[in-house]
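**Student:** Starting off with a structure, shown below.
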Amino acid sequence: MKAAQALLLAVAVCFWTAAGSDSARFNDLGHRLMCTCGCAQLLGECNHVGCTESGRERNELSAAIASGATDQQILNSFAAKYGVTVLAAPPTHGFDLVAWVAPFAVFAAALLGTILLVRHWSLGKKAMAGAATTPEMEALRAQIRRETEEGLDGGGTR
């Protein structure tokens, strides 16, 4: 009698832990998939009134977990059926890696370009300030001063 009770307890624990792990997998996968109704919510959290997609997709997810498919197989099947946009995060391999890298690369290039441009401007100002003046340049500056002073005094030829 005790052996039968122990066996029954062992079977119940096995079913209970299997059910618990299926529930955890459902929750994990539900947060790695997007609802396809257009609400922009995760499948596990889609709760808007009148959603025609989330119930069906949750049933598909439960059936896939019950069939023993791996997480990657389930994600691949959803992506094949609904497109890659059903995945909450873009894949990190192949051409899809660009979706992860491109924004950071563009930001880094823009930052580097800005730094180089500001540095170029500041070096150009320093070079102009330290430039040696020639007698011709001094004569030209004096002529410009004379002509602008005449224009301000009203003594110009205008």
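Letters A, B, ... go to the chains of the structure tokens in the order shown; residues in each chain start at 1; ligands are counted from 1 in the same order.
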As an NGL selection string, please: all residues of range 44-127 of chain A that backbone DSSP puts in helix (DSSP H, G or I).

**Tutor:** :A and (44-45 or 54-66 or 71-82 or 84-86 or 94-127)

**Student:** Please dump the current selection as a compact mmCIF listing (two decimals), in the first residue's frame; keep C-alpha atoms.

**Tutor:**
# COMPACT_ATOMS: atom_id res chain seq x y z
CA GLY A 44 1.49 37.45 -23.38
CA GLU A 45 0.20 40.88 -22.41
CA SER A 54 -4.31 37.03 -29.34
CA GLY A 55 -6.61 34.16 -28.30
CA ARG A 56 -5.90 32.17 -31.45
CA GLU A 57 -2.14 32.82 -31.22
CA ARG A 58 -2.07 31.87 -27.53
CA ASN A 59 -3.84 28.60 -28.39
CA GLU A 60 -1.24 27.96 -31.12
CA LEU A 61 1.52 28.65 -28.62
CA SER A 62 0.02 26.27 -26.04
CA ALA A 63 -0.38 23.55 -28.68
CA ALA A 64 3.21 23.98 -29.83
CA ILE A 65 4.49 23.71 -26.26
CA ALA A 66 2.32 20.65 -25.62
CA ASP A 71 11.55 27.29 -27.98
CA GLN A 72 13.55 28.02 -31.14
CA GLN A 73 11.27 25.79 -33.23
CA ILE A 74 8.22 27.61 -31.89
CA LEU A 75 9.72 31.03 -32.58
CA ASN A 76 10.74 29.92 -36.08
CA SER A 77 7.26 28.58 -36.83
CA PHE A 78 5.61 31.81 -35.69
CA ALA A 79 8.08 33.85 -37.75
CA ALA A 80 7.43 31.66 -40.80
CA LYS A 81 3.66 31.98 -40.41
CA TYR A 82 3.34 35.66 -39.42
CA VAL A 84 9.68 38.27 -38.63
CA THR A 85 7.73 41.19 -37.15
CA VAL A 86 6.00 38.74 -34.79
CA GLY A 94 22.68 37.39 -40.78
CA PHE A 95 21.27 40.53 -42.34
CA ASP A 96 18.91 41.05 -39.38
CA LEU A 97 21.97 41.91 -37.29
CA VAL A 98 21.94 45.26 -39.11
CA ALA A 99 18.78 46.17 -37.17
CA TRP A 100 20.86 46.01 -33.99
CA VAL A 101 24.11 47.53 -35.24
CA ALA A 102 23.03 50.27 -37.68
CA PRO A 103 21.56 52.79 -35.18
CA PHE A 104 24.68 52.68 -33.01
CA ALA A 105 27.01 52.87 -36.02
CA VAL A 106 25.16 55.90 -37.45
CA PHE A 107 25.24 57.64 -34.06
CA ALA A 108 28.98 56.95 -33.66
CA ALA A 109 29.74 58.21 -37.19
CA ALA A 110 27.71 61.39 -36.64
CA LEU A 111 29.43 62.03 -33.31
CA LEU A 112 32.87 61.49 -34.84
CA GLY A 113 32.03 63.78 -37.78
CA THR A 114 30.84 66.51 -35.42
CA ILE A 115 33.98 66.26 -33.30
CA LEU A 116 36.22 66.45 -36.37
CA LEU A 117 34.29 69.42 -37.80
CA VAL A 118 34.47 71.41 -34.55
CA ARG A 119 38.16 70.60 -34.23
CA HIS A 120 38.77 71.75 -37.83
CA TRP A 121 36.96 75.01 -37.15
CA SER A 122 38.86 75.68 -33.94
CA LEU A 123 42.24 74.91 -35.55
CA GLY A 124 41.36 77.20 -38.46
CA LYS A 125 40.62 80.10 -36.10
CA LYS A 126 43.91 79.57 -34.28
CA ALA A 127 45.80 79.53 -37.57

**Student:** Name the closest residue to Ser21 in chain A among the candidates A:Pro90, A:Gly68, A:Gly38, A:Pro135; distances are taken between atoms, counting only C-alpha atoms.

**Tutor:**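 For Ser21 in chain A, the nearest of the given residues is A:Gly68.
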
**Student:** Using only C-alpha atoms, pick whichever of A:Asn27, A:Thr70, A:Gln41, A:Thr148 has the shortest atom-to-atom distance to Ala88 in chain A.

**Tutor:**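 Comparing A:Asn27, A:Thr70, A:Gln41, A:Thr148 against Ala88 in chain A, the winner is A:Gln41.
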